[in-house]
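Novice: Here it is, the structure in full.
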Amino acid sequence: MIVSESAIGVWQYLFDVAGLGLGLIGALLFAAVSLNHQMVRASLVAFAIYTAGHFVYQELHFDGSAAHVISGSLIVEFLLAVSLLALTPRLKQRHARVPARSGGRPRVSEMSGTL
């Protein structure tokens with residue numbers, strides 16, 4: 001999603017709502033690096049809403065084979081965002097299982113077998 005939106009965003013920067021697309025790239029990159037459950041979900045929901053709106057705009061205002069290619073890529077991006085959104089509960093479960101550590105010293109239970 002990030003790569004395809006970057007390519008489309010740079011090309012359309014002066015002609016369409018690509019500034020919004022480029023902003024979403026930043027949010028998606030931050031979410032991908034941080035893997036914060038809420039940030040990932042918010043970024044994917046925002047991206048899905050953006051692609052759905054952009055798809056409607058493309059269909060209402062443009063015609064021809066190039067418009068169909070862009071519309072097709074927007075459908076794929078929307079489905080990918082929704083599919084990834086469906087997987088985000090697994091990310092939350094993964095973070096719930098990781099024990100939080102405080103301080104720099106390991107716990108006794110973490111030191112099994114070391115003296």
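Here, A, B, ... name the chains of the structure tokens in the order displayed, residue numbers run from 1 inside each chain, and ligands are numbered from 1 in the same displayed order.
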Could you give me, as a tab-separated table, a per-residue list for segment 40-80 of chain A showing, wherever an atom lies at most 10 Å from an atom of segment 22-27 of chain A, the closest pair of atoms and their distance in Å to one decimal, using only C-alpha atoms and sorting by chain then residue number from low to high?
Specialist:
```
residue	atom	partner	partner_atom	distance
A:Val40	CA	A:Ala27	CA	8.6
A:Ala42	CA	A:Ala27	CA	8.9
A:Ser43	CA	A:Ala27	CA	6.0
A:Leu44	CA	A:Ala27	CA	9.1
A:Ala46	CA	A:Leu24	CA	7.7
A:Phe47	CA	A:Leu24	CA	6.7
A:Tyr50	CA	A:Leu24	CA	8.8
```
Novice: Using C-alpha atoms, can you write the selected residues to a file as a compact mmCIF listing (two decimals), in the first residue's frame?
Specialist:
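Generated file (again_16.txt):
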```
# COMPACT_ATOMS: atom_id res chain seq x y z
CA VAL A 40 -2.32 0.62 13.00
CA ALA A 42 -6.57 4.21 12.82
CA SER A 43 -4.22 4.37 9.84
CA LEU A 44 -5.91 1.45 8.08
CA ALA A 46 -8.31 6.28 7.40
CA PHE A 47 -6.69 4.69 4.35
CA TYR A 50 -9.64 7.62 1.60
```
Novice: Which residue gives the smallest distance to Arg41 of chain A among A:Leu28, A:Gly72, A:His54, A:Ser4, with only C-alpha atoms counted?
Specialist: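 Between A:Leu28, A:Gly72, A:His54, A:Ser4, the residue approaching Arg41 of chain A most closely is A:Leu28.
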Novice: How many Å lie between atom CA of Tyr57 of chain A and atom CA of Val3 of chain A, rounded to one decimal?
Specialist: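 A separation of 21.5 Å between them.
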Novice: Which residues come within 7 Å of segment 74-81 of chain A, counting only C-alpha atoms, excluding same-chain residues fewer than 6 positions away, as JSON, numbers by chain?
Specialist: {"A": [1, 44, 47, 48, 51, 52, 55]}
Novice: By how many Å are atom CA of Leu91 of chain A and atom CA of Val33 of chain A apart?
Specialist: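 According to the coordinates, atom CA of Leu91 of chain A and atom CA of Val33 of chain A are separated by 13.1 Å.
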Novice: Which one is closest to Val45 of chain A: A:Ser71, A:Thr88, A:Ser6, A:Ser65? Count only C-alpha atoms.
Specialist: A:Thr88
Novice: Work out how far atom CA of Gln58 of chain A is from atom CA of Ser73 of chain A, in Å to one decimal.
Specialist: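 Going from atom CA of Ser73 of chain A over to atom CA of Gln58 of chain A, I get 11.3 Å.
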